[in-house]
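Asker: So here's protein-v5.pdb, just PDB, C-alpha atoms:
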ATOM      1  CA  MET A   1      61.079 -68.051 -32.895
ATOM      2  CA  ARG A   2      58.949 -66.181 -30.335
ATOM      3  CA  ASN A   3      59.554 -66.344 -26.616
ATOM      4  CA  PRO A   4      56.365 -67.856 -25.073
ATOM      5  CA  GLU A   5      56.826 -66.006 -21.762
ATOM      6  CA  ALA A   6      57.308 -62.655 -23.513
ATOM      7  CA  THR A   7      54.225 -63.347 -25.650
ATOM      8  CA  LYS A   8      52.136 -64.190 -22.585
ATOM      9  CA  GLU A   9      53.412 -61.087 -20.776
ATOM     10  CA  LYS A  10      52.472 -58.868 -23.737
ATOM     11  CA  ILE A  11      48.990 -60.410 -23.911
ATOM     12  CA  LEU A  12      48.487 -59.857 -20.170
ATOM     13  CA  ARG A  13      49.752 -56.285 -20.340
ATOM     14  CA  GLN A  14      47.681 -55.277 -23.370
ATOM     15  CA  SER A  15      44.510 -57.119 -22.331
ATOM     16  CA  GLY A  16      44.860 -55.744 -18.787
ATOM     17  CA  ASN A  17      44.983 -52.207 -20.163
ATOM     18  CA  LEU A  18      41.892 -52.880 -22.266
ATOM     19  CA  PHE A  19      39.925 -54.568 -19.468
ATOM     20  CA  ASN A  20      40.843 -51.801 -17.048
ATOM     21  CA  THR A  21      39.888 -48.975 -19.425
ATOM     22  CA  GLN A  22      37.030 -50.419 -21.524
ATOM     23  CA  GLY A  23      35.644 -52.971 -19.081
ATOM     24  CA  TYR A  24      35.807 -56.754 -18.933
ATOM     25  CA  LYS A  25      32.499 -57.394 -20.699
ATOM     26  CA  ALA A  26      33.059 -54.712 -23.344
ATOM     27  CA  THR A  27      36.513 -55.945 -24.348
ATOM     28  CA  SER A  28      36.463 -58.645 -27.012
ATOM     29  CA  ILE A  29      39.158 -61.080 -28.056
ATOM     30  CA  SER A  30      39.232 -59.147 -31.356
ATOM     31  CA  ASP A  31      40.128 -55.995 -29.401
ATOM     32  CA  ILE A  32      42.979 -57.925 -27.795
ATOM     33  CA  THR A  33      44.242 -59.285 -31.127
ATOM     34  CA  LYS A  34      44.333 -55.724 -32.483
ATOM     35  CA  ALA A  35      46.203 -54.430 -29.430
ATOM     36  CA  THR A  36      48.751 -57.261 -29.318
ATOM     37  CA  GLY A  37      49.137 -58.021 -33.019
ATOM     38  CA  TYR A  38      48.599 -61.730 -32.228
ATOM     39  CA  THR A  39      45.978 -64.037 -33.673
ATOM     40  CA  LYS A  40      43.131 -65.531 -31.658
ATOM     41  CA  GLY A  41      44.936 -68.849 -31.907
ATOM     42  CA  ALA A  42      48.061 -67.379 -30.333
ATOM     43  CA  ILE A  43      46.006 -65.930 -27.487
ATOM     44  CA  TYR A  44      44.181 -69.214 -26.901
ATOM     45  CA  ARG A  45      47.491 -71.106 -26.854
ATOM     46  CA  HIS A  46      48.312 -69.170 -23.670
ATOM     47  CA  PHE A  47      44.819 -68.871 -22.149
ATOM     48  CA  LYS A  48      42.051 -71.491 -22.328
ATOM     49  CA  SER A  49      39.254 -68.922 -22.454
ATOM     50  CA  LYS A  50      38.461 -65.228 -22.225
ATOM     51  CA  ASP A  51      37.412 -65.838 -18.600
ATOM     52  CA  GLU A  52      40.873 -67.196 -17.767
ATOM     53  CA  LEU A  53      42.507 -64.256 -19.555
ATOM     54  CA  GLU A  54      40.331 -61.826 -17.574
ATOM     55  CA  MET A  55      41.305 -63.391 -14.256
ATOM     56  CA  GLU A  56      45.010 -63.580 -15.067
ATOM     57  CA  SER A  57      44.968 -60.002 -16.372
ATOM     58  CA  LEU A  58      43.346 -58.835 -13.138
ATOM     59  CA  SER A  59      46.020 -60.645 -11.133
ATOM     60  CA  HIS A  60      48.707 -59.079 -13.344
ATOM     61  CA  LEU A  61      47.306 -55.553 -12.846
ATOM     62  CA  SER A  62      47.004 -56.091  -9.114
ATOM     63  CA  SER A  63      50.552 -57.401  -8.854
ATOM     64  CA  ILE A  64      51.792 -54.150 -10.424
ATOM     65  CA  MET A  65      49.781 -52.139  -7.910
ATOM     66  CA  PHE A  66      50.911 -54.217  -4.915
ATOM     67  CA  GLU A  67      54.550 -54.256  -6.033
ATOM     68  CA  HIS A  68      54.661 -50.447  -6.127
ATOM     69  CA  LEU A  69      52.871 -50.201  -2.809
ATOM     70  CA  ARG A  70      54.919 -52.931  -1.081
ATOM     71  CA  ASP A  71      58.217 -51.238  -1.940
ATOM     72  CA  ARG A  72      57.024 -47.953  -0.452
ATOM     73  CA  ILE A  73      55.625 -49.548   2.706
ATOM     74  CA  LYS A  74      58.833 -51.527   3.382
ATOM     75  CA  SER A  75      60.908 -48.361   3.394
ATOM     76  CA  GLU A  76      58.902 -46.867   6.287
ATOM     77  CA  LYS A  77      59.898 -47.429   9.926
ATOM     78  CA  ASN A  78      56.607 -47.353  11.888
ATOM     79  CA  ALA A  79      52.877 -48.059  11.610
ATOM     80  CA  GLN A  80      51.824 -44.449  11.150
ATOM     81  CA  ALA A  81      54.307 -43.863   8.320
ATOM     82  CA  LYS A  82      53.323 -47.144   6.648
ATOM     83  CA  LEU A  83      49.609 -46.237   6.759
ATOM     84  CA  LYS A  84      50.302 -42.725   5.472
ATOM     85  CA  THR A  85      52.230 -44.319   2.605
ATOM     86  CA  ILE A  86      49.139 -46.333   1.664
ATOM     87  CA  PHE A  87      46.904 -43.246   1.845
ATOM     88  CA  HIS A  88      49.199 -41.113  -0.277
ATOM     89  CA  TYR A  89      49.799 -43.920  -2.770
ATOM     90  CA  PHE A  90      46.067 -43.939  -3.511
ATOM     91  CA  GLU A  91      45.967 -40.138  -3.572
ATOM     92  CA  THR A  92      47.701 -40.053  -6.953
ATOM     93  CA  TYR A  93      45.632 -42.870  -8.456
ATOM     94  CA  VAL A  94      43.340 -40.499 -10.344
ATOM     95  CA  THR A  95      45.954 -38.267 -11.944
ATOM     96  CA  LYS A  96      48.934 -40.671 -12.111
ATOM     97  CA  PRO A  97      47.717 -44.269 -11.966
ATOM     98  CA  PRO A  98      50.421 -46.970 -11.988
ATOM     99  CA  VAL A  99      48.252 -48.895 -14.466
ATOM    100  CA  LYS A 100      46.225 -47.449 -17.296
ATOM    101  CA  GLY A 101      42.578 -46.952 -16.388
ATOM    102  CA  GLY A 102      42.998 -46.471 -12.647
ATOM    103  CA  CYS A 103      42.434 -48.801  -9.730
ATOM    104  CA  PRO A 104      41.948 -52.386 -10.990
ATOM    105  CA  LEU A 105      40.135 -53.374  -7.797
ATOM    106  CA  MET A 106      37.616 -50.538  -8.172
ATOM    107  CA  ASN A 107      37.094 -51.242 -11.869
ATOM    108  CA  VAL A 108      36.558 -54.981 -11.491
ATOM    109  CA  ALA A 109      34.305 -54.543  -8.447
ATOM    110  CA  ILE A 110      31.887 -52.598 -10.619
ATOM    111  CA  GLU A 111      31.648 -55.439 -13.150
ATOM    112  CA  ALA A 112      32.219 -58.599 -11.120
ATOM    113  CA  ASP A 113      28.681 -59.450 -10.149
ATOM    114  CA  ASP A 114      26.870 -62.767  -9.798
ATOM    115  CA  ALA A 115      27.093 -63.323 -13.570
ATOM    116  CA  HIS A 116      30.882 -63.775 -13.355
ATOM    117  CA  PRO A 117      31.556 -65.601 -10.056
ATOM    118  CA  ALA A 118      35.168 -66.555 -10.869
ATOM    119  CA  LEU A 119      36.189 -62.957 -11.598
ATOM    120  CA  ARG A 120      34.318 -61.810  -8.498
ATOM    121  CA  LYS A 121      36.187 -64.406  -6.408
ATOM    122  CA  ARG A 122      39.532 -63.176  -7.792
ATOM    123  CA  ALA A 123      38.522 -59.577  -6.962
ATOM    124  CA  VAL A 124      37.695 -60.616  -3.385
ATOM    125  CA  THR A 125      41.120 -62.252  -3.115
ATOM    126  CA  ILE A 126      42.763 -58.965  -4.151
ATOM    127  CA  LEU A 127      40.601 -57.034  -1.692
ATOM    128  CA  ASN A 128      41.670 -59.460   1.039
ATOM    129  CA  VAL A 129      45.355 -58.921   0.222
ATOM    130  CA  LEU A 130      44.898 -55.176   0.667
ATOM    131  CA  ARG A 131      42.880 -55.634   3.871
ATOM    132  CA  ASP A 132      45.403 -58.112   5.285
ATOM    133  CA  SER A 133      48.255 -55.697   4.571
ATOM    134  CA  ILE A 134      46.525 -52.965   6.564
ATOM    135  CA  LEU A 135      45.660 -55.416   9.357
ATOM    136  CA  THR A 136      49.298 -56.517   9.547
ATOM    137  CA  ILE A 137      50.471 -52.915   9.865
ATOM    138  CA  LEU A 138      47.940 -52.218  12.621
ATOM    139  CA  GLU A 139      48.658 -55.444  14.521
ATOM    140  CA  ASN A 140      52.430 -54.936  14.283
ATOM    141  CA  GLY A 141      51.879 -51.377  15.433
ATOM    142  CA  LYS A 142      50.098 -52.718  18.531
ATOM    143  CA  LYS A 143      52.859 -55.255  19.145
ATOM    144  CA  PHE A 144      55.604 -52.614  18.969
ATOM    145  CA  GLY A 145      53.763 -50.020  21.055
ATOM    146  CA  GLN A 146      52.931 -47.656  18.191
ATOM    147  CA  VAL A 147      49.152 -48.238  17.960
ATOM    148  CA  LYS A 148      46.674 -48.227  20.858
ATOM    149  CA  PRO A 149      46.150 -51.865  21.857
ATOM    150  CA  THR A 150      42.379 -51.426  22.293
ATOM    151  CA  ILE A 151      41.554 -50.459  18.708
ATOM    152  CA  ASP A 152      39.567 -52.825  16.493
ATOM    153  CA  SER A 153      41.972 -53.455  13.599
ATOM    154  CA  GLN A 154      39.258 -55.049  11.410
ATOM    155  CA  HIS A 155      37.121 -51.923  11.807
ATOM    156  CA  TYR A 156      39.924 -49.571  10.823
ATOM    157  CA  ALA A 157      41.027 -51.713   7.875
ATOM    158  CA  THR A 158      37.465 -51.682   6.514
ATOM    159  CA  VAL A 159      37.057 -47.926   7.019
ATOM    160  CA  ILE A 160      40.408 -47.181   5.366
ATOM    161  CA  ILE A 161      39.675 -49.265   2.262
ATOM    162  CA  ALA A 162      36.088 -48.021   1.936
ATOM    163  CA  ALA A 163      37.200 -44.408   2.292
ATOM    164  CA  LEU A 164      40.042 -44.741  -0.222
ATOM    165  CA  GLU A 165      38.068 -46.654  -2.857
ATOM    166  CA  GLY A 166      35.039 -44.374  -2.470
ATOM    167  CA  ALA A 167      37.224 -41.303  -2.810
ATOM    168  CA  ILE A 168      38.902 -42.752  -5.900
ATOM    169  CA  MET A 169      35.470 -43.254  -7.464
ATOM    170  CA  MET A 170      34.428 -39.689  -6.647
ATOM    171  CA  SER A 171      37.672 -38.168  -7.870
ATOM    172  CA  LYS A 172      37.602 -40.251 -11.039
ATOM    173  CA  LEU A 173      34.056 -39.083 -11.808
ATOM    174  CA  ARG A 174      35.008 -35.448 -11.220
ATOM    175  CA  GLY A 175      38.304 -35.756 -13.080
ATOM    176  CA  ASP A 176      40.448 -34.324 -10.287
ATOM    177  CA  ASP A 177      41.925 -35.423  -6.988
ATOM    178  CA  SER A 178      40.131 -33.010  -4.626
ATOM    179  CA  ASP A 179      37.839 -35.661  -3.104
ATOM    180  CA  ILE A 180      40.665 -38.119  -2.493
ATOM    181  CA  ALA A 181      42.754 -35.286  -0.987
ATOM    182  CA  ARG A 182      39.934 -34.531   1.504
ATOM    183  CA  VAL A 183      39.644 -38.196   2.455
ATOM    184  CA  ILE A 184      43.415 -38.474   2.930
ATOM    185  CA  LEU A 185      43.323 -35.518   5.348
ATOM    186  CA  HIS A 186      40.532 -37.257   7.276
ATOM    187  CA  LEU A 187      42.384 -40.583   7.365
ATOM    188  CA  ASP A 188      45.611 -38.878   8.472
ATOM    189  CA  ALA A 189      43.710 -37.260  11.378
ATOM    190  CA  MET A 190      42.039 -40.577  12.238
ATOM    191  CA  MET A 191      45.393 -42.357  12.337
ATOM    192  CA  LYS A 192      46.816 -39.782  14.750
ATOM    193  CA  GLU A 193      43.987 -40.602  17.156
ATOM    194  CA  ILE A 194      44.831 -44.317  17.292
ATOM    195  CA  MET A 195      48.596 -43.918  17.587
ATOM    196  CA  ILE A 196      50.415 -43.979  20.918
TER     197      ILE A 196
END
Just give me the structure as structure tokens.

Answerer:
Amino acid sequence: MRNPEATKEKILRQSGNLFNTQGYKATSISDITKATGYTKGAIYRHFKSKDELEMESLSHLSSIMFEHLRDRIKSEKNAQAKLKTIFHYFETYVTKPPVKGGCPLMNVAIEADDAHPALRKRAVTILNVLRDSILTILENGKKFGQVKPTIDSQHYATVIIAALEGAIMMSKLRGDDSDIARVILHLDAMMKEIMI
């Protein structure tokens, strides 16, 4: 007898890889049955619809990304080191992504338009988790005398995410990490300016 949790995990893993590499709209349930070896019925026993599978797969991919990132951030002792950890984590996203297909937030943002509001809402939630993590680092840095108290944390969180995601897109298009490396150097210099 099959383990339902293991089956669901395999469906999430395989469908997440497909959605993240082929696209959410382009990936069919038939593609997922081929990748998992399960029937459509088995997939629909675990997920009510393809929309639900897409959203849960996105959450699964993001949890992998955040788990890797969270472990690295926790090991650092101050705000500057924590921010540098985030920058350098994204630096390897093009050549050594933790999930197949690259950044799940970038990939879903391209597809999650007004035609798929639920997936878009889930993508915004993931974006907010990333933003809130950066805000927490900056605010804690202010509290512990590591970051200048006058800086606008919202501004810097937005700039950091926009720079990283834009650089990932550029590097992915070019097939190398030179653009992300340039952005990381810029962000490193910017962080030095706001540190005490």

Asker: Restricting the calculation to only C-alpha atoms: of A:Met191, A:Ala42, A:Val159, A:Ile86, which residue gets closest to Arg72 (chain A)?

Answerer: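 Looking only at the distances to Arg72 (chain A), the closest residue turns out to be A:Ile86.
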
Asker: Please write the residues picked by the PyMOL selection byres ((chain A and resi 78) around 12) on this file as a list in words.

Answerer: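 Selected by the PyMOL selection byres ((chain A and resi 78) around 12) here: Ile73, Lys74, Ser75, Glu76, Lys77, Ala79, Gln80, Ala81, Lys82, Leu83, Lys84, Thr85, Thr136, Ile137, Leu138, Glu139, Asn140, Gly141, Lys142, Lys143, Phe144, Gly145, Gln146, Val147, Met195 and Ile196 of chain A.
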
Asker: Using the chain letters and numbers from the file, give me the residues hit by the PyMOL selection byres ((chain A and resi 87) around 10), as an NGL selection string.

Answerer: :A and (81-86 or 88-92 or 160-161 or 163-164 or 180-181 or 183-185 or 187-188)

Asker: Go ahead and write the selection's residues with C-alpha atoms as a CSV table (one decimal), in the coordinates of the input.

Answerer:
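Once everything was written out, this is selection-v7.csv:
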chain,number,residue,atom,x,y,z
A,81,ALA,CA,54.3,-43.9,8.3
A,82,LYS,CA,53.3,-47.1,6.6
A,83,LEU,CA,49.6,-46.2,6.8
A,84,LYS,CA,50.3,-42.7,5.5
A,85,THR,CA,52.2,-44.3,2.6
A,86,ILE,CA,49.1,-46.3,1.7
A,88,HIS,CA,49.2,-41.1,-0.3
A,89,TYR,CA,49.8,-43.9,-2.8
A,90,PHE,CA,46.1,-43.9,-3.5
A,91,GLU,CA,46.0,-40.1,-3.6
A,92,THR,CA,47.7,-40.1,-7.0
A,160,ILE,CA,40.4,-47.2,5.4
A,161,ILE,CA,39.7,-49.3,2.3
A,163,ALA,CA,37.2,-44.4,2.3
A,164,LEU,CA,40.0,-44.7,-0.2
A,180,ILE,CA,40.7,-38.1,-2.5
A,181,ALA,CA,42.8,-35.3,-1.0
A,183,VAL,CA,39.6,-38.2,2.5
A,184,ILE,CA,43.4,-38.5,2.9
A,185,LEU,CA,43.3,-35.5,5.3
A,187,LEU,CA,42.4,-40.6,7.4
A,188,ASP,CA,45.6,-38.9,8.5

Asker: Any chance you could resolve the PyMOL selection byres ((chain A and resi 49-56) around 12) against this file and give the residues as a PyMOL selection string?

Answerer: chain A and resi 8-9+11-20+23-32+40-48+57-63+104-105+108+111-112+115-126

Asker: What is the distance, in Å and to one decimal place, between CA of Lys172 (chain A) and CA of Gly102 (chain A)?

Answerer: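 Value for the CA of Lys172 (chain A)-CA of Gly102 (chain A) distance: 8.4 Å.
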
Asker: I'd like to know which of A:Thr36, A:Ser153, A:Val129, A:Ala167 is closest to His186 (chain A), using all atoms listed in the file.

Answerer: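 Of all the options, A:Ala167 lies closest to His186 (chain A).
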
Asker: May I ask which of the residues A:Ala6, A:Val94, A:Ile110, A:Ala35 is the closest one to Asp176 (chain A), counting only C-alpha atoms?

Answerer: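 Comparing A:Ala6, A:Val94, A:Ile110, A:Ala35 against Asp176 (chain A), the winner is A:Val94.
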
Asker: Rebuild region 44-60 of chain A so that it carries N, CA, C and O atoms, then output the result as a compact mmCIF listing (two decimals), in the coordinates of the input.

Answerer:
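Saved as selection.txt:
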# COMPACT_ATOMS: atom_id res chain seq x y z
N TYR A 44 44.75 -68.01 -27.52
CA TYR A 44 44.18 -69.21 -26.90
C TYR A 44 45.22 -70.31 -26.66
O TYR A 44 44.95 -71.25 -25.92
N ARG A 45 46.41 -70.19 -27.22
CA ARG A 45 47.49 -71.11 -26.85
C ARG A 45 47.98 -70.83 -25.44
O ARG A 45 48.48 -71.70 -24.75
N HIS A 46 47.84 -69.57 -25.00
CA HIS A 46 48.31 -69.17 -23.67
C HIS A 46 47.20 -69.14 -22.62
O HIS A 46 47.48 -69.26 -21.43
N PHE A 47 45.97 -68.97 -23.06
CA PHE A 47 44.82 -68.87 -22.15
C PHE A 47 43.67 -69.70 -22.71
O PHE A 47 43.31 -69.55 -23.87
N LYS A 48 43.10 -70.57 -21.87
CA LYS A 48 42.05 -71.49 -22.33
C LYS A 48 40.79 -70.78 -22.78
O LYS A 48 40.07 -71.28 -23.64
N SER A 49 40.51 -69.63 -22.17
CA SER A 49 39.25 -68.92 -22.45
C SER A 49 39.42 -67.44 -22.15
O SER A 49 40.41 -67.03 -21.50
N LYS A 50 38.44 -66.65 -22.56
CA LYS A 50 38.46 -65.23 -22.22
C LYS A 50 38.34 -65.06 -20.71
O LYS A 50 38.98 -64.19 -20.13
N ASP A 51 37.55 -65.91 -20.07
CA ASP A 51 37.41 -65.84 -18.60
C ASP A 51 38.76 -66.00 -17.92
O ASP A 51 39.09 -65.27 -16.99
N GLU A 52 39.55 -66.98 -18.36
CA GLU A 52 40.87 -67.20 -17.77
C GLU A 52 41.77 -65.99 -18.02
O GLU A 52 42.51 -65.55 -17.13
N LEU A 53 41.71 -65.44 -19.22
CA LEU A 53 42.51 -64.26 -19.56
C LEU A 53 42.10 -63.07 -18.67
O LEU A 53 42.96 -62.33 -18.18
N GLU A 54 40.80 -62.91 -18.45
CA GLU A 54 40.33 -61.83 -17.57
C GLU A 54 40.90 -61.97 -16.17
O GLU A 54 41.42 -61.01 -15.60
N MET A 55 40.83 -63.18 -15.62
CA MET A 55 41.30 -63.39 -14.26
C MET A 55 42.82 -63.21 -14.15
O MET A 55 43.31 -62.59 -13.21
N GLU A 56 43.55 -63.73 -15.11
CA GLU A 56 45.01 -63.58 -15.07
C GLU A 56 45.42 -62.13 -15.30
O GLU A 56 46.39 -61.66 -14.71
N SER A 57 44.68 -61.42 -16.15
CA SER A 57 44.97 -60.00 -16.37
C SER A 57 44.72 -59.20 -15.10
O SER A 57 45.50 -58.30 -14.76
N LEU A 58 43.64 -59.52 -14.40
CA LEU A 58 43.35 -58.84 -13.14
C LEU A 58 44.47 -59.09 -12.13
O LEU A 58 44.93 -58.17 -11.46
N SER A 59 44.91 -60.32 -12.04
CA SER A 59 46.02 -60.64 -11.13
C SER A 59 47.29 -59.89 -11.54
O SER A 59 48.03 -59.39 -10.68
N HIS A 60 47.54 -59.80 -12.83
CA HIS A 60 48.71 -59.08 -13.34
C HIS A 60 48.63 -57.59 -12.97
O HIS A 60 49.61 -57.02 -12.46
